[in-house]
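The file target-v8.pdb comes next; it holds PDB, C-alpha atoms.
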ATOM      1  CA  MET E   1     -15.189  11.378 -14.348  1.00  0.00           C
ATOM      2  CA  SER E   2     -15.333   7.983 -12.637  1.00  0.00           C
ATOM      3  CA  LYS E   3     -15.214   7.622  -8.863  1.00  0.00           C
ATOM      4  CA  VAL E   4     -11.757   6.091  -9.171  1.00  0.00           C
ATOM      5  CA  GLU E   5     -10.473   9.027 -11.237  1.00  0.00           C
ATOM      6  CA  ALA E   6     -12.110  11.553  -8.892  1.00  0.00           C
ATOM      7  CA  PHE E   7     -10.823   9.873  -5.719  1.00  0.00           C
ATOM      8  CA  LEU E   8      -7.478  11.692  -5.831  1.00  0.00           C
ATOM      9  CA  SER E   9      -6.298  14.732  -7.749  1.00  0.00           C
ATOM     10  CA  THR E  10      -3.237  14.493  -9.980  1.00  0.00           C
ATOM     11  CA  THR E  11      -1.271  16.445  -7.374  1.00  0.00           C
ATOM     12  CA  GLU E  12      -2.407  14.090  -4.604  1.00  0.00           C
ATOM     13  CA  GLU E  13      -1.402  11.078  -6.699  1.00  0.00           C
ATOM     14  CA  GLN E  14       2.064  12.560  -7.165  1.00  0.00           C
ATOM     15  CA  GLU E  15       2.347  13.133  -3.397  1.00  0.00           C
ATOM     16  CA  ILE E  16       1.436   9.487  -2.787  1.00  0.00           C
ATOM     17  CA  ILE E  17       4.029   8.308  -5.326  1.00  0.00           C
ATOM     18  CA  GLU E  18       6.591  10.518  -3.594  1.00  0.00           C
ATOM     19  CA  ALA E  19       5.621   8.969  -0.228  1.00  0.00           C
ATOM     20  CA  ILE E  20       6.244   5.516  -1.736  1.00  0.00           C
ATOM     21  CA  ARG E  21       9.675   6.644  -2.975  1.00  0.00           C
ATOM     22  CA  THR E  22      10.480   8.077   0.459  1.00  0.00           C
ATOM     23  CA  ALA E  23       9.274   4.951   2.271  1.00  0.00           C
ATOM     24  CA  GLU E  24      11.349   2.708   0.009  1.00  0.00           C
ATOM     25  CA  LEU E  25      14.573   4.747   0.268  1.00  0.00           C
ATOM     26  CA  ASN E  26      15.904   2.871   3.272  1.00  0.00           C
ATOM     27  CA  THR E  27      14.476  -0.589   2.667  1.00  0.00           C
ATOM     28  CA  SER E  28      14.448  -3.391   0.157  1.00  0.00           C
ATOM     29  CA  GLY E  29      10.680  -3.599   0.745  1.00  0.00           C
ATOM     30  CA  GLU E  30       8.180  -2.673  -1.944  1.00  0.00           C
ATOM     31  CA  ILE E  31       4.925  -0.746  -1.460  1.00  0.00           C
ATOM     32  CA  ARG E  32       2.105  -0.410  -3.985  1.00  0.00           C
ATOM     33  CA  VAL E  33      -1.270   1.344  -3.907  1.00  0.00           C
ATOM     34  CA  HIS E  34      -4.167   0.024  -5.977  1.00  0.00           C
ATOM     35  CA  ILE E  35      -7.477   1.872  -6.326  1.00  0.00           C
ATOM     36  CA  GLU E  36     -10.627   0.562  -7.941  1.00  0.00           C
ATOM     37  CA  LYS E  37     -14.368   1.168  -7.902  1.00  0.00           C
ATOM     38  CA  THR E  38     -15.522  -1.924  -6.012  1.00  0.00           C
ATOM     39  CA  SER E  39     -14.046  -5.172  -4.759  1.00  0.00           C
ATOM     40  CA  ASN E  40     -16.851  -7.507  -5.960  1.00  0.00           C
ATOM     41  CA  ASP E  41     -15.623  -9.929  -3.274  1.00  0.00           C
ATOM     42  CA  SER E  42     -14.498  -9.712   0.323  1.00  0.00           C
ATOM     43  CA  ILE E  43     -11.989  -6.888   0.655  1.00  0.00           C
ATOM     44  CA  GLU E  44      -9.304  -9.317   1.836  1.00  0.00           C
ATOM     45  CA  ASN E  45      -9.841 -11.725  -1.068  1.00  0.00           C
ATOM     46  CA  ARG E  46      -9.763  -8.929  -3.622  1.00  0.00           C
ATOM     47  CA  ALA E  47      -6.611  -7.402  -2.098  1.00  0.00           C
ATOM     48  CA  LEU E  48      -4.923 -10.808  -2.299  1.00  0.00           C
ATOM     49  CA  GLU E  49      -6.021 -11.223  -5.925  1.00  0.00           C
ATOM     50  CA  VAL E  50      -4.656  -7.778  -6.847  1.00  0.00           C
ATOM     51  CA  PHE E  51      -1.432  -8.540  -4.944  1.00  0.00           C
ATOM     52  CA  TYR E  52      -0.810 -11.528  -7.225  1.00  0.00           C
ATOM     53  CA  THR E  53      -2.028  -9.729 -10.368  1.00  0.00           C
ATOM     54  CA  LEU E  54       0.550  -6.982  -9.715  1.00  0.00           C
ATOM     55  CA  LYS E  55       3.185  -9.721  -9.212  1.00  0.00           C
ATOM     56  CA  MET E  56       3.954  -8.408  -5.748  1.00  0.00           C
ATOM     57  CA  ASP E  57       4.719 -11.961  -4.639  1.00  0.00           C
ATOM     58  CA  ASN E  58       7.853 -11.899  -6.823  1.00  0.00           C
ATOM     59  CA  THR E  59      10.013  -9.767  -4.519  1.00  0.00           C
ATOM     60  CA  LYS E  60      13.257 -11.443  -3.490  1.00  0.00           C
ATOM     61  CA  ALA E  61      12.621 -11.091   0.271  1.00  0.00           C
ATOM     62  CA  GLN E  62       8.825 -11.537   0.119  1.00  0.00           C
ATOM     63  CA  ASN E  63       8.455  -8.036   1.546  1.00  0.00           C
ATOM     64  CA  GLY E  64       5.849  -6.429  -0.685  1.00  0.00           C
ATOM     65  CA  VAL E  65       2.998  -4.440   0.856  1.00  0.00           C
ATOM     66  CA  LEU E  66      -0.211  -3.600  -0.994  1.00  0.00           C
ATOM     67  CA  ILE E  67      -2.645  -0.906   0.104  1.00  0.00           C
ATOM     68  CA  TYR E  68      -5.885  -1.695  -1.705  1.00  0.00           C
ATOM     69  CA  VAL E  69      -8.809   0.778  -1.832  1.00  0.00           C
ATOM     70  CA  ALA E  70     -12.327   0.052  -3.133  1.00  0.00           C
ATOM     71  CA  VAL E  71     -13.711   3.583  -3.558  1.00  0.00           C
ATOM     72  CA  GLU E  72     -17.430   2.871  -3.994  1.00  0.00           C
ATOM     73  CA  ASP E  73     -17.403   0.297  -1.188  1.00  0.00           C
ATOM     74  CA  LYS E  74     -15.676   2.814   1.118  1.00  0.00           C
ATOM     75  CA  ASN E  75     -13.362   0.050   2.208  1.00  0.00           C
ATOM     76  CA  PHE E  76      -9.662  -0.753   2.102  1.00  0.00           C
ATOM     77  CA  ALA E  77      -7.192  -3.452   3.069  1.00  0.00           C
ATOM     78  CA  ILE E  78      -3.468  -3.789   3.598  1.00  0.00           C
ATOM     79  CA  TYR E  79      -1.835  -6.987   2.434  1.00  0.00           C
ATOM     80  CA  GLY E  80       1.744  -7.819   3.356  1.00  0.00           C
ATOM     81  CA  ASP E  81       3.682 -10.715   1.868  1.00  0.00           C
ATOM     82  CA  LYS E  82       5.023 -13.586   3.983  1.00  0.00           C
ATOM     83  CA  GLY E  83       8.448 -12.041   4.641  1.00  0.00           C
ATOM     84  CA  ILE E  84       7.062  -8.902   6.252  1.00  0.00           C
ATOM     85  CA  ASN E  85       4.137 -10.630   7.966  1.00  0.00           C
ATOM     86  CA  ASP E  86       6.525 -13.066   9.672  1.00  0.00           C
ATOM     87  CA  VAL E  87       8.403 -10.239  11.418  1.00  0.00           C
ATOM     88  CA  VAL E  88       5.904  -7.471  12.240  1.00  0.00           C
ATOM     89  CA  ALA E  89       3.957  -7.362  15.486  1.00  0.00           C
ATOM     90  CA  ASP E  90       0.575  -9.081  15.313  1.00  0.00           C
ATOM     91  CA  ASN E  91      -1.286  -5.771  15.564  1.00  0.00           C
ATOM     92  CA  PHE E  92       0.916  -3.772  13.162  1.00  0.00           C
ATOM     93  CA  TRP E  93      -1.419  -3.813  10.163  1.00  0.00           C
ATOM     94  CA  ASP E  94      -4.414  -3.068  12.398  1.00  0.00           C
ATOM     95  CA  SER E  95      -2.721  -0.012  13.896  1.00  0.00           C
ATOM     96  CA  THR E  96      -1.719   1.147  10.408  1.00  0.00           C
ATOM     97  CA  LYS E  97      -5.296   0.698   9.202  1.00  0.00           C
ATOM     98  CA  ASP E  98      -6.595   2.624  12.244  1.00  0.00           C
ATOM     99  CA  THR E  99      -4.333   5.569  11.418  1.00  0.00           C
ATOM    100  CA  MET E 100      -5.462   5.549   7.810  1.00  0.00           C
ATOM    101  CA  GLN E 101      -9.127   5.133   8.777  1.00  0.00           C
ATOM    102  CA  SER E 102      -9.026   8.206  11.007  1.00  0.00           C
ATOM    103  CA  HIS E 103      -7.983  10.305   8.000  1.00  0.00           C
ATOM    104  CA  PHE E 104     -10.424   8.608   5.629  1.00  0.00           C
ATOM    105  CA  LYS E 105     -13.376   9.321   7.946  1.00  0.00           C
ATOM    106  CA  ARG E 106     -12.615  13.040   7.603  1.00  0.00           C
ATOM    107  CA  GLY E 107     -12.305  12.783   3.815  1.00  0.00           C
ATOM    108  CA  HIS E 108      -8.505  13.130   3.905  1.00  0.00           C
ATOM    109  CA  PHE E 109      -7.808  10.213   1.589  1.00  0.00           C
ATOM    110  CA  LYS E 110      -4.400  11.355   0.365  1.00  0.00           C
ATOM    111  CA  GLN E 111      -3.122  11.919   3.904  1.00  0.00           C
ATOM    112  CA  GLY E 112      -4.446   8.550   5.052  1.00  0.00           C
ATOM    113  CA  LEU E 113      -2.615   6.820   2.217  1.00  0.00           C
ATOM    114  CA  VAL E 114       0.587   8.796   2.799  1.00  0.00           C
ATOM    115  CA  ASP E 115       0.580   7.992   6.522  1.00  0.00           C
ATOM    116  CA  GLY E 116      -0.086   4.285   5.853  1.00  0.00           C
ATOM    117  CA  ILE E 117       2.715   4.177   3.283  1.00  0.00           C
ATOM    118  CA  LEU E 118       5.190   5.885   5.603  1.00  0.00           C
ATOM    119  CA  MET E 119       4.259   3.624   8.536  1.00  0.00           C
ATOM    120  CA  ALA E 120       4.769   0.541   6.352  1.00  0.00           C
ATOM    121  CA  GLY E 121       8.077   1.980   5.141  1.00  0.00           C
ATOM    122  CA  GLU E 122       9.356   2.489   8.680  1.00  0.00           C
ATOM    123  CA  GLU E 123       8.498  -1.088   9.583  1.00  0.00           C
ATOM    124  CA  LEU E 124      10.070  -2.420   6.384  1.00  0.00           C
ATOM    125  CA  LYS E 125      13.226  -0.407   7.134  1.00  0.00           C
ATOM    126  CA  LYS E 126      13.557  -2.097  10.558  1.00  0.00           C
ATOM    127  CA  HIS E 127      13.350  -5.614   9.162  1.00  0.00           C
ATOM    128  CA  PHE E 128      14.576  -5.187   5.579  1.00  0.00           C
ATOM    129  CA  PRO E 129      17.176  -2.401   5.566  1.00  0.00           C
ATOM    130  CA  TYR E 130      18.449  -1.104   2.257  1.00  0.00           C
ATOM    131  CA  GLN E 131      21.419  -3.001   0.814  1.00  0.00           C
ATOM    132  CA  ASP E 132      23.868  -1.696  -1.785  1.00  0.00           C
ATOM    133  CA  ASP E 133      22.608  -4.173  -4.370  1.00  0.00           C
ATOM    134  CA  ASP E 134      18.901  -3.395  -3.850  1.00  0.00           C
ATOM    135  CA  THR E 135      16.827  -2.491  -6.885  1.00  0.00           C
ATOM    136  CA  ASN E 136      13.318  -1.107  -7.113  1.00  0.00           C
ATOM    137  CA  GLU E 137      11.565  -4.375  -7.955  1.00  0.00           C
ATOM    138  CA  LEU E 138       8.060  -2.921  -8.456  1.00  0.00           C
ATOM    139  CA  SER E 139       6.603   0.248  -9.908  1.00  0.00           C
ATOM    140  CA  ASN E 140       5.801   3.094  -7.516  1.00  0.00           C
ATOM    141  CA  GLU E 141       2.886   4.233  -9.694  1.00  0.00           C
ATOM    142  CA  ILE E 142      -0.670   3.920  -8.366  1.00  0.00           C
ATOM    143  CA  SER E 143      -2.452   1.143 -10.206  1.00  0.00           C
ATOM    144  CA  LYS E 144      -6.150   1.389 -10.961  1.00  0.00           C
ATOM    145  CA  GLY E 145      -8.743  -1.185 -11.788  1.00  0.00           C
TER     146      GLY E 145
END

Is it possible to give me this structure as structure tokens?
Amino acid sequence: MSKVEAFLSTTEEQEIIEAIRTAELNTSGEIRVHIEKTSNDSIENRALEVFYTLKMDNTKAQNGVLIYVAVEDKNFAIYGDKGINDVVADNFWDSTKDTMQSHFKRGHFKQGLVDGILMAGEELKKHFPYQDDDTNELSNEISKG
């Protein structure tokens, strides 16, 4: 079993997908999680590349959020599109990363991801509340590279 496949159990993956659904219930924002073995570049550059590969830049309100994890590198990044980055506090992504990091350091990867997803969802809800005509623009499934 590869490190990517062993990173989360099937049950943990389902809990993360459910956290994405919950986070997106009250917002037009979109959240994705991508997991791969290594970034082969700076973590920020790779997260940006994956963001575009997953077509997360195609949301109507530019409010997509990617949580990118490079398992072997023991590193992760959060990338928010222009719409969300223009309205969140300057330290929002850092505080979200700190919360996630505290779980990751104890080996609680699923909980770190769930907490990061829910924090992003709360912030998206404040700035991009759900509208009657909203549709789920992106898959909630965890993508893997």

(request) Have a look at E:Gln111, E:Thr59, E:Ser28, E:Ser42 and name the one nearest to Glu12 of chain E; count all atoms listed in the file. (result)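 Between E:Gln111, E:Thr59, E:Ser28, E:Ser42, the residue approaching Glu12 of chain E most closely is E:Gln111.
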
(request) Evaluate the PyMOL selection byres ((chain E and resi 74) around 10) on the structure here and hand back the selected residues as a PyMOL selection string. (result) chain E and resi 37-38+69-73+75-76+104-105

(request) Evaluate the PyMOL selection byres ((chain E and resi 51) around 12) and record the selected residues as an MDAnalysis selection string, following the chain and residue labels used in the document. (result) chainID E and resid 30:34 44:50 52:59 62:68 77:81 138 143

Would you pick out the contacts of Gly116 of chain E at 6 Å or less, using all atoms listed in the file, so that residues sharing its chain but fewer than 2 positions from it are not included, and give the list as a PDB file with C-alpha atoms, in the frame of the given file?
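out_26.pdb written:
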ATOM      1  CA  THR E  96      -1.719   1.147  10.408  1.00  0.00           C
ATOM      2  CA  MET E 100      -5.462   5.549   7.810  1.00  0.00           C
ATOM      3  CA  LEU E 113      -2.615   6.820   2.217  1.00  0.00           C
ATOM      4  CA  VAL E 114       0.587   8.796   2.799  1.00  0.00           C
ATOM      5  CA  LEU E 118       5.190   5.885   5.603  1.00  0.00           C
ATOM      6  CA  MET E 119       4.259   3.624   8.536  1.00  0.00           C
TER       7      MET E 119
END

(request) Please provide the set of residues having any atom within 7 Å of Asn140 of chain E, restricted to only C-alpha atoms, with same-chain residues fewer than 4 positions apart removed, written as a list in words. (result)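 With the cut-off at 7 Å, the set is Ile17, Ile20, Arg21 and Arg32 of chain E.
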
(request) Record the distance separating atom CA of Thr99 of chain E and atom CA of Gly121 of chain E, expressed in Å with one decimal. (result)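 So the answer is 14.4 Å.
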
(message) Report, in Å to a single decimal, how far apart atom CA of Leu25 of chain E and atom CA of Glu13 of chain E are.
(response) 18.5 Å

(request) Quick one: pull the distance between atom CA of Glu24 of chain E and atom CA of Lys144 of chain E, Å, one decimal. (result)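 Distance reported for this atom pair: 20.7 Å.
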
(request) Using all atoms listed in the file, find the one residue out of E:Ala61, E:Ala89, E:Ile84, E:Val4 that sits nearest to Gln131 of chain E. (result)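 Of the candidates, the smallest distance to Gln131 of chain E is held by E:Ala61.
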
(request) Could you tell me which of E:Phe109, E:Ile16, E:Asn26, E:His103 comes closest to Asp132 of chain E if we count only C-alpha atoms? (result)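 Closest candidate: E:Asn26.
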
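Nearest residue to Asn85 of chain E among E:Ala6, E:Ile43, E:Leu124, E:Ile117 is E:Leu124, counting only C-alpha atoms.
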
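Closest approach to Gln14 of chain E from the set E:Ile35, E:Ile142, E:His127, E:Glu137 is made by E:Ile142, with distances taken over all atoms listed in the file.
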
Quick one: what's the axis-aligned box for segment 55-73 of chain E, all listed atoms, 4 Å on every side, centre and edges in Å to one decimal, as AutoDock Vina command-line options?
--center_x -2.1 --center_y -4.2 --center_z -3.8 --size_x 38.7 --size_y 23.5 --size_z 18.8
